[in-house]
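Participant: Okay, so here is protein-v5.txt, and as you'll see once you scroll down, it has compact mmCIF, C-alpha atoms.
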# COMPACT_ATOMS: atom_id res chain seq x y z
CA MET A 16 225.73 220.20 146.74
CA SER A 17 223.03 220.69 149.24
CA GLY A 18 225.04 223.14 151.31
CA ILE A 19 223.40 226.43 151.94
CA SER A 20 224.75 229.80 151.07
CA ARG A 21 225.97 232.10 153.73
CA ARG A 22 223.28 234.56 152.88
CA ARG A 23 220.60 232.03 153.54
CA LEU A 24 222.37 230.89 156.66
CA LEU A 25 222.25 234.39 158.06
CA ARG A 26 218.75 235.09 156.93
CA ALA A 27 216.97 234.01 160.07
CA THR A 28 218.96 236.27 162.33
CA GLY A 29 221.28 238.77 160.75
CA GLY A 30 218.93 239.41 157.90
CA LEU A 31 216.22 240.46 160.28
CA THR A 32 218.55 242.86 162.01
CA ALA A 33 219.62 244.35 158.71
CA ALA A 34 216.03 244.69 157.56
CA ALA A 35 215.00 246.30 160.82
CA ALA A 36 217.94 248.66 160.69
CA ALA A 37 217.18 249.54 157.10
CA GLY A 38 213.55 250.15 157.96
CA TRP A 39 214.47 252.35 160.86
CA TRP A 40 216.90 254.32 158.75
CA ALA A 41 214.43 254.77 155.94
CA ALA A 42 211.78 255.92 158.39
CA GLY A 43 214.23 258.42 159.81
CA CYS A 44 214.74 259.91 156.37
CA THR A 45 211.13 260.65 155.72
CA ASP A 46 209.90 261.33 159.20
CA ASP A 47 211.48 263.71 161.62
CA GLY A 48 210.47 261.74 164.65
CA ALA A 49 206.74 262.33 164.71
CA ALA A 50 205.07 259.63 166.76
CA GLY A 51 203.13 256.99 164.91
CA GLU A 52 204.85 256.95 161.57
CA SER A 53 208.23 255.70 162.61
CA ASP A 54 207.15 253.26 165.29
CA ASP A 55 204.12 251.10 164.66
CA ASN A 56 204.89 249.04 167.72
CA LEU A 57 204.64 251.82 170.30
CA GLY A 58 208.24 251.41 171.35
CA PHE A 59 207.82 247.73 172.20
CA ALA A 60 210.16 245.08 170.82
CA GLY A 61 207.16 242.97 169.78
CA VAL A 62 204.62 243.36 167.02
CA VAL A 63 201.47 245.16 168.14
CA LEU A 64 198.37 243.43 166.80
CA GLY A 65 195.57 245.28 165.09
CA GLU A 66 193.04 243.12 166.93
CA PRO A 67 193.93 241.68 170.33
CA LEU A 68 193.68 237.94 170.95
CA SER A 69 191.85 236.15 173.74
CA LYS A 70 193.31 233.28 175.71
CA PRO A 71 192.83 229.83 174.25
CA THR A 72 189.88 227.98 175.72
CA ILE A 73 191.07 224.37 175.53
CA ALA A 74 191.51 222.12 178.58
CA PHE A 75 195.18 222.07 179.57
CA THR A 76 197.03 219.70 181.89
CA ASP A 77 199.99 220.92 183.96
CA THR A 78 203.24 219.14 184.82
CA SER A 79 201.70 217.60 187.94
CA GLY A 80 199.08 216.00 185.73
CA ALA A 81 196.30 218.18 187.07
CA PRO A 82 193.86 220.19 184.96
CA TYR A 83 194.97 223.77 184.49
CA ASP A 84 192.34 226.43 184.07
CA LEU A 85 194.30 228.96 182.04
CA ALA A 86 191.75 231.76 182.31
CA ALA A 87 191.44 231.45 186.08
CA GLU A 88 195.13 230.88 186.82
CA THR A 89 196.30 233.84 184.77
CA ALA A 90 193.42 236.29 185.28
CA GLY A 91 194.70 239.84 185.52
CA ARG A 92 198.33 238.81 185.31
CA LEU A 93 201.01 239.58 182.79
CA THR A 94 201.42 236.20 181.10
CA LEU A 95 203.91 235.17 178.45
CA MET A 96 202.85 232.11 176.48
CA LEU A 97 204.91 230.07 174.06
CA PHE A 98 204.55 226.75 172.29
CA GLY A 99 207.51 224.42 171.90
CA TYR A 100 208.87 220.99 172.67
CA THR A 101 211.36 219.59 175.13
CA SER A 102 213.56 218.00 172.46
CA CYS A 103 214.10 221.38 170.83
CA PRO A 104 217.79 222.25 171.10
CA ASP A 105 217.71 225.75 169.73
CA VAL A 106 214.67 228.01 169.77
CA CYS A 107 212.87 226.82 172.92
CA PRO A 108 215.84 226.70 175.31
CA THR A 109 216.95 230.08 174.01
CA HIS A 110 213.54 231.66 174.54
CA LEU A 111 213.34 230.28 178.07
CA PHE A 112 216.91 231.30 178.83
CA VAL A 113 216.29 234.86 177.73
CA LEU A 114 212.97 235.12 179.62
CA SER A 115 214.45 233.61 182.78
CA ASN A 116 217.39 236.01 182.70
CA ALA A 117 215.11 238.97 182.05
CA LEU A 118 212.85 238.10 184.99
CA ASP A 119 215.92 237.73 187.21
CA LYS A 120 216.99 241.25 186.30
CA LEU A 121 213.60 242.72 187.17
CA SER A 122 212.11 243.45 190.55
CA GLY A 123 208.57 244.24 191.59
CA PRO A 124 205.44 243.09 189.77
CA ALA A 125 207.11 242.69 186.37
CA SER A 126 209.42 240.03 187.80
CA LYS A 127 206.30 238.01 188.63
CA ALA A 128 205.22 237.71 185.00
CA LYS A 129 203.93 234.23 184.41
CA VAL A 130 205.69 232.18 181.76
CA ILE A 131 203.63 229.37 180.24
CA PHE A 132 205.28 226.81 177.99
CA VAL A 133 202.95 224.51 176.09
CA GLY A 134 204.63 221.27 175.03
CA VAL A 135 203.35 220.39 171.58
CA ASP A 136 205.26 217.12 171.13
CA THR A 137 202.79 215.07 173.11
CA GLU A 138 204.69 211.80 172.61
CA ARG A 139 207.87 213.05 174.26
CA ASP A 140 206.70 216.05 176.27
CA THR A 141 205.63 214.06 179.28
CA PRO A 142 204.81 216.01 182.44
CA SER A 143 207.99 214.92 184.19
CA ARG A 144 210.24 215.64 181.23
CA MET A 145 208.62 219.02 180.77
CA ARG A 146 209.10 219.80 184.47
CA GLU A 147 212.78 218.88 184.25
CA PHE A 148 213.19 220.93 181.08
CA LEU A 149 211.61 224.03 182.58
CA ASP A 150 213.37 223.64 185.93
CA GLN A 151 216.67 224.07 184.14
CA ARG A 152 215.59 227.61 183.43
CA ASN A 153 213.12 228.60 186.14
CA PRO A 154 211.08 226.38 188.48
CA ASP A 155 208.25 228.91 188.37
CA PHE A 156 207.71 228.41 184.65
CA VAL A 157 204.43 226.61 184.02
CA GLY A 158 204.39 223.64 181.66
CA LEU A 159 201.14 222.67 180.00
CA THR A 160 200.05 220.13 177.49
CA ALA A 161 196.89 218.88 175.82
CA PRO A 162 195.90 216.38 173.16
CA PRO A 163 197.32 217.28 169.72
CA ALA A 164 193.96 218.26 168.24
CA ASP A 165 193.29 220.59 171.16
CA ILE A 166 196.73 222.18 170.84
CA ASP A 167 196.09 222.85 167.18
CA ARG A 168 192.74 224.36 168.08
CA ALA A 169 194.44 226.64 170.60
CA LEU A 170 196.99 227.64 167.98
CA ALA A 171 194.22 228.44 165.53
CA GLN A 172 192.49 230.58 168.16
CA LEU A 173 195.76 232.44 168.60
CA GLU A 174 196.29 232.77 164.85
CA LEU A 175 199.53 230.82 165.09
CA PRO A 176 200.73 228.15 162.64
CA ALA A 177 199.86 224.53 163.37
CA VAL A 178 202.39 222.05 164.74
CA VAL A 179 204.32 219.92 162.24
CA ILE A 180 205.68 216.58 163.49
CA GLU A 181 208.41 215.49 161.08
CA PRO A 182 208.97 211.80 160.21
CA LYS A 183 211.28 209.84 162.46
CA ARG A 184 214.91 209.49 161.42
CA ASP A 185 216.87 206.26 161.51
CA ASP A 186 217.95 206.85 165.09
CA GLY A 187 214.34 207.35 166.18
CA SER A 188 214.71 211.07 166.74
CA TYR A 189 212.47 213.54 165.02
CA VAL A 190 212.06 217.25 164.86
CA VAL A 191 208.95 219.30 165.38
CA GLY A 192 207.85 222.48 163.67
CA HIS A 193 206.29 224.83 166.19
CA PRO A 194 205.33 228.50 166.42
CA SER A 195 208.34 230.51 167.54
CA GLN A 196 206.42 233.52 168.80
CA ILE A 197 205.90 234.52 172.41
CA LEU A 198 202.45 235.94 173.14
CA ALA A 199 202.16 238.56 175.85
CA PHE A 200 198.81 238.60 177.63
CA THR A 201 198.49 241.83 179.57
CA PRO A 202 196.48 242.32 182.79
CA ASP A 203 193.34 242.95 180.70
CA ASP A 204 193.66 239.25 179.76
CA ARG A 205 194.20 240.13 176.11
CA CYS A 206 197.22 239.65 173.90
CA HIS A 207 197.95 242.91 172.12
CA ILE A 208 201.51 242.11 171.22
CA VAL A 209 203.46 239.17 169.82
CA TYR A 210 207.23 238.77 170.11
CA ARG A 211 209.09 237.05 167.35
CA PHE A 212 212.19 234.99 168.02
CA GLY A 213 215.34 236.99 168.68
CA VAL A 214 214.16 239.56 171.20
CA LEU A 215 217.01 240.26 173.58
CA GLU A 216 217.01 239.99 177.33
CA GLN A 217 217.42 243.74 177.80
CA GLN A 218 214.41 244.38 175.57
CA TRP A 219 212.27 242.12 177.75
CA VAL A 220 213.57 243.97 180.80
CA LYS A 221 212.43 247.20 179.20
CA ASP A 222 209.10 245.91 177.86
CA LEU A 223 207.71 243.82 180.74
CA PRO A 224 207.16 246.68 183.20
CA ARG A 225 205.56 248.73 180.41
CA LEU A 226 203.27 245.83 179.49
CA LEU A 227 201.96 245.77 183.05
CA THR A 228 200.74 249.35 182.95
CA TYR A 229 200.33 250.23 179.30
CA GLU A 230 196.95 251.68 178.41
CA TRP A 231 196.05 250.16 175.07
CA PRO A 232 194.37 252.71 172.82
CA ASP A 233 190.77 251.95 171.95
CA THR A 234 191.65 252.13 168.27
CA ARG A 235 193.71 249.00 168.64
CA ARG A 236 191.04 246.98 170.36
CA MET B 3 229.45 242.00 172.94
CA HIS B 4 230.93 242.56 169.51
CA ASP B 5 234.28 241.19 170.47
CA PRO B 6 233.71 238.35 172.88
CA THR B 7 236.64 236.48 174.25
CA PRO B 8 237.16 233.45 172.08
CA VAL B 9 236.78 230.21 173.95
CA VAL B 10 239.04 228.48 171.50
CA ARG B 11 240.94 229.80 168.59
CA ARG B 12 242.60 227.17 166.52
CA SER B 13 244.23 227.98 163.24
CA VAL B 14 244.85 225.56 160.47
CA ARG B 15 247.17 226.85 157.82
CA ARG B 16 248.46 224.37 155.41
CA VAL B 17 248.70 223.56 151.78
CA ALA B 18 245.92 221.26 150.76
CA TRP B 19 248.14 218.93 148.83
CA PRO B 20 250.81 216.56 150.04
CA ALA B 21 254.15 218.30 150.25
CA ALA B 22 255.74 216.60 147.28
CA LEU B 23 252.82 217.34 145.03
CA ALA B 24 252.69 220.91 146.30
CA MET B 25 256.30 221.46 145.32
CA LEU B 26 255.54 220.08 141.90
CA VAL B 27 252.58 222.40 141.53
CA ALA B 28 254.61 225.34 142.73
CA ILE B 29 256.93 225.19 139.75
CA VAL B 30 254.00 225.36 137.34
CA PRO B 31 253.54 229.08 136.65
CA THR B 32 249.75 228.93 136.38
CA ALA B 33 249.24 227.26 139.74
CA CYS B 34 246.94 229.08 142.13
CA SER B 35 248.17 229.99 145.56
CA ASP B 36 245.42 228.19 147.38
CA THR B 37 245.97 229.12 150.98
CA VAL B 38 243.66 227.31 153.32
CA GLU B 39 243.11 229.19 156.54
CA VAL B 40 240.10 228.37 158.64
CA THR B 41 239.75 229.40 162.25
CA VAL B 42 236.96 228.75 164.69
CA SER B 43 236.15 231.09 167.56
CA ASP B 44 233.41 231.86 170.06
CA VAL B 45 232.42 228.26 170.61
CA TYR B 46 229.70 228.01 173.23
CA ILE B 47 227.20 225.54 174.54
CA PRO B 48 224.37 227.16 176.49
CA SER B 49 223.25 225.31 179.56
CA PRO B 50 220.91 222.70 178.04
CA ALA B 51 217.29 222.50 179.09
CA ALA B 52 216.66 218.98 177.81
CA PRO B 53 218.32 216.09 179.63
CA ASP B 54 219.64 214.49 176.46
CA GLN B 55 220.67 217.18 174.05
CA ALA B 56 222.43 220.48 173.66
CA ALA B 57 223.24 223.01 170.99
CA VAL B 58 226.66 224.30 170.01
CA TYR B 59 227.16 227.72 168.48
CA LEU B 60 230.40 229.00 167.02
CA THR B 61 231.95 231.29 164.45
CA ILE B 62 234.00 230.11 161.49
CA HIS B 63 236.42 232.46 159.77
CA ASN B 64 237.75 231.56 156.36
CA ASP B 65 240.72 233.87 155.86
CA GLY B 66 242.14 231.78 153.05
CA ASP B 67 241.36 232.04 149.38
CA VAL B 68 239.70 228.66 148.99
CA ASP B 69 236.02 228.00 149.59
CA ASP B 70 235.52 225.47 152.33
CA GLN B 71 232.69 223.47 153.86
CA LEU B 72 232.06 222.13 157.33
CA ILE B 73 230.80 218.62 156.73
CA ALA B 74 231.15 216.75 160.00
CA VAL B 75 231.26 217.16 163.74
CA ALA B 76 232.32 214.48 166.16
CA SER B 77 232.90 214.29 169.88
CA PRO B 78 233.76 211.30 172.05
CA GLN B 79 231.49 212.72 174.72
CA VAL B 80 228.23 212.61 172.80
CA ASP B 81 226.25 209.98 170.95
CA VAL B 82 225.46 211.99 167.87
CA ALA B 83 226.32 215.44 166.55
CA HIS B 84 224.16 216.82 163.77
CA LEU B 85 224.56 219.95 161.70
CA HIS B 86 221.18 221.65 161.92
CA ARG B 87 219.52 224.70 160.60
CA THR B 88 216.49 226.36 162.17
CA ASP B 89 214.27 228.11 159.69
CA ILE B 90 211.61 230.50 160.85
CA SER B 91 208.89 231.15 158.32
CA ASP B 92 207.07 234.42 157.87
CA ASP B 93 204.19 233.14 159.99
CA GLY B 94 206.63 232.24 162.76
CA LEU B 95 206.79 228.46 162.35
CA ALA B 96 210.21 227.29 163.51
CA SER B 97 211.38 224.11 161.85
CA MET B 98 214.70 222.31 161.84
CA ALA B 99 216.48 220.49 159.08
CA SER B 100 219.66 218.47 158.99
CA MET B 101 222.41 219.91 156.86
CA ALA B 102 224.96 217.92 154.89
CA ALA B 103 227.36 220.83 154.87
CA VAL B 104 227.79 224.40 156.00
CA ASP B 105 229.38 226.52 153.27
CA VAL B 106 232.26 228.71 154.37
CA PRO B 107 233.23 230.70 151.27
CA ALA B 108 236.74 232.16 150.99
CA GLY B 109 237.02 235.40 152.90
CA SER B 110 233.78 234.87 154.80
CA THR B 111 232.79 234.63 158.42
CA VAL B 112 229.95 232.28 159.23
CA THR B 113 228.26 232.76 162.57
CA MET B 114 226.20 230.01 164.11
CA GLU B 115 223.76 231.48 166.57
CA PRO B 116 220.36 230.76 168.09
CA GLY B 117 217.62 230.62 165.50
CA GLY B 118 219.96 229.66 162.67
CA VAL B 119 222.63 227.08 162.00
CA HIS B 120 223.81 225.13 165.01
CA ILE B 121 225.29 221.82 165.99
CA MET B 122 222.89 219.60 167.89
CA LEU B 123 224.49 217.19 170.33
CA MET B 124 222.53 214.16 171.48
CA THR B 125 223.75 212.69 174.72
CA SER B 126 222.81 209.82 176.98
CA GLU B 127 223.35 211.95 180.09
CA ARG B 128 222.75 215.60 180.74
CA LEU B 129 225.67 217.85 179.89
CA GLU B 130 226.05 219.66 183.19
CA ASP B 131 227.33 223.21 183.41
CA GLY B 132 231.11 223.31 183.53
CA THR B 133 231.58 220.16 181.47
CA LYS B 134 234.25 220.63 178.84
CA VAL B 135 233.19 219.19 175.52
CA GLU B 136 235.87 218.44 172.96
CA MET B 137 234.76 218.40 169.38
CA THR B 138 236.43 217.78 166.07
CA LEU B 139 235.07 219.78 163.17
CA GLY B 140 235.67 218.27 159.76
CA PHE B 141 236.26 220.68 156.88
CA VAL B 142 236.68 219.61 153.26
CA GLN B 143 239.77 221.79 152.76
CA ALA B 144 241.08 222.62 156.21
CA GLY B 145 240.68 219.09 157.49
CA GLU B 146 240.11 218.60 161.19
CA VAL B 147 239.83 221.53 163.55
CA ARG B 148 239.61 220.67 167.22
CA VAL B 149 237.70 222.91 169.59
CA THR B 150 236.66 222.76 173.23
CA ALA B 151 233.66 224.46 174.78
CA THR B 152 232.54 224.61 178.38
CA VAL B 153 228.86 223.96 178.89
CA GLY B 154 227.05 226.99 180.25
CA GLU B 155 229.59 229.55 179.16
CA SER B 156 228.33 232.05 176.68
CA ALA B 157 230.98 233.52 174.45
CA GLY B 158 228.60 235.98 172.92
CA GLY B 159 226.85 237.08 176.05
CA SER B 160 223.54 237.29 174.25
CA ALA B 161 221.85 233.98 174.01
CA GLY B 162 218.98 235.66 172.27
CA GLY B 163 220.87 236.00 169.06
CA SER B 164 221.53 239.18 167.23
CA THR B 165 218.12 240.16 165.96
CA GLY B 166 217.13 242.32 168.69
CA SER B 167 215.78 245.32 167.13
CA SER B 168 212.18 246.02 167.09
CA THR B 169 210.15 243.95 164.77
CA GLU B 170 209.53 245.46 161.44
CA GLU B 171 206.52 243.54 160.26
CA GLN B 172 202.88 243.72 161.04
CA PRO B 173 201.22 240.34 160.82
How does this structure look as structure tokens?
Facilitator:
Amino acid sequence: MSGISRRRLLRATGGLTAAAAAGWWAAGCTDDGAAGESDDNLGFAGVVLGEPLSKPTIAFTDTSGAPYDLAAETAGRLTLMLFGYTSCPDVCPTHLFVLSNALDKLSGPASKAKVIFVGVDTERDTPSRMREFLDQRNPDFVGLTAPPADIDRALAQLELPAVVIEPKRDDGSYVVGHPSQILAFTPDDRCHIVYRFGVLEQQWVKDLPRLLTYEWPDTRR
Amino acid sequence: MHDPTPVVRRSVRRVAWPAALAMLVAIVPTACSDTVEVTVSDVYIPSPAAPDQAAVYLTIHNDGDVDDQLIAVASPQVDVAHLHRTDISDDGLASMASMAAVDVPAGSTVTMEPGGVHIMLMTSERLEDGTKVEMTLGFVQAGEVRVTATVGESAGGSAGGSTGSSTEEQP
């Protein structure tokens, strides 16, 4: 039988929670709260990178069909970037739902964080479909696309896995493998922190204002 | 958040064999008492982003003593319903695969939630918020379980799934 076990079924979500909880508990046993040892991620819900990333340098097109100069449009702004596809039923709509809700809960500069969704399924992620997809969550979300080779180049620059377009099924549908991370570019135009799938709305609400003002230690640059 | 109001709770408790055969089995001393009891709760369909598809999440409780499997989902309101599993690799690549069956071992609770197993609905028209979607879940042992979910209602209240805690890995 090709059915999966419950353990495997829960791996992607519950398993992570259990692992995180176990890690936290273990750290608590050996470390009485001294900073550094017990929290490698500086209290953020993302993973702090040893070396920050720069913004990808490829030529993007936005949902109006116009060129989008990523560096110029996002200079000095807190920018959250993710790569997905509009026929994704699970990960992408969830990410966008959580980000949209988090921004709604915030006020001030953090609520103006820019969300950039790059559609990697260039056959189906047309500008109009992408606009409709994003508008369901937040009309301010920016949708970008680029030729497949350029997208893969951007992903390589960001040290993210390449896109995988699966073969078409009998009904013509197909699924797409895409990076599930959200990259946070801070006002210094660097990405110091990457968020894996599963970060909760309230964690974004807590992290986004901190990301705006956090002074990244030189040792992490 | 741990005890969300169930959208639908439908219980199927029955003997898996036709009544006559069950009576026959009952008089055989070695016969197992194979109680089939599968319930489904917390069915929710987040407001879809795409115009032609949506995801369904739910929780299956197998309180019987027989292993069961969810093998089919159907709804008159959609074109296709697939059982899907999202896998996220260590490097963060999210990929989806069709599943022939979702195992629901005796005594277990199986939770479908974002980033894991889900039901993908493909539709010819957008499922607008407030639409009630009736679905029939087909189990090998429990047979058909009917559920209804309202699009846009979140039973769990946390569309982000349950992994929230801080990430434990350095890339």
Participant: Just to confirm, what's the straight-line distance from CA of Val113 in chain A to CA of Lys221 in chain A in Å (one decimal)?
Facilitator: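 These atoms are spaced 13.0 Å apart.
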Participant: Rounded to one decimal in Å, what is the spacing between CA of Gly134 in chain A and CA of Val62 in chain A?
Facilitator: 23.5 Å
Participant: Identify which of the residues B:Ala108, B:Ala76, B:Met101, B:Met124 lies closest to Ala144 in chain B, counting all atoms listed in the file when measuring atom-to-atom distances.
Facilitator: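 Nearest to Ala144 in chain B: B:Ala108.
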Participant: Using all atoms listed in the file, which of B:Leu129, B:Val135, B:Leu72, B:Val149 sits nearest Asp54 in chain B?
Facilitator: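 Of all the options, B:Leu129 lies closest to Asp54 in chain B.
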Participant: Identify which of the residues B:Leu85, B:Pro53, B:Gly145, B:Thr150 lies closest to chain A, counting all atoms listed in the file when measuring atom-to-atom distances.
Facilitator: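 When distances to chain A are compared using all atoms listed in the file, the smallest one comes from B:Pro53.
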Participant: Of the candidates B:Ser49, B:Thr133, B:Thr138, B:Thr152, which shows the shortest atom-to-atom distance to chain A, using all atoms listed in the file?
Facilitator: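 Using all atoms listed in the file, chain A sits closest to B:Ser49.
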Participant: May I ask for the distance between CA of Ser195 in chain A and CA of Leu95 in chain A, given in Å to one decimal place?
Facilitator: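 Atom-to-atom, CA of Ser195 in chain A and CA of Leu95 in chain A are spaced 12.7 Å apart.
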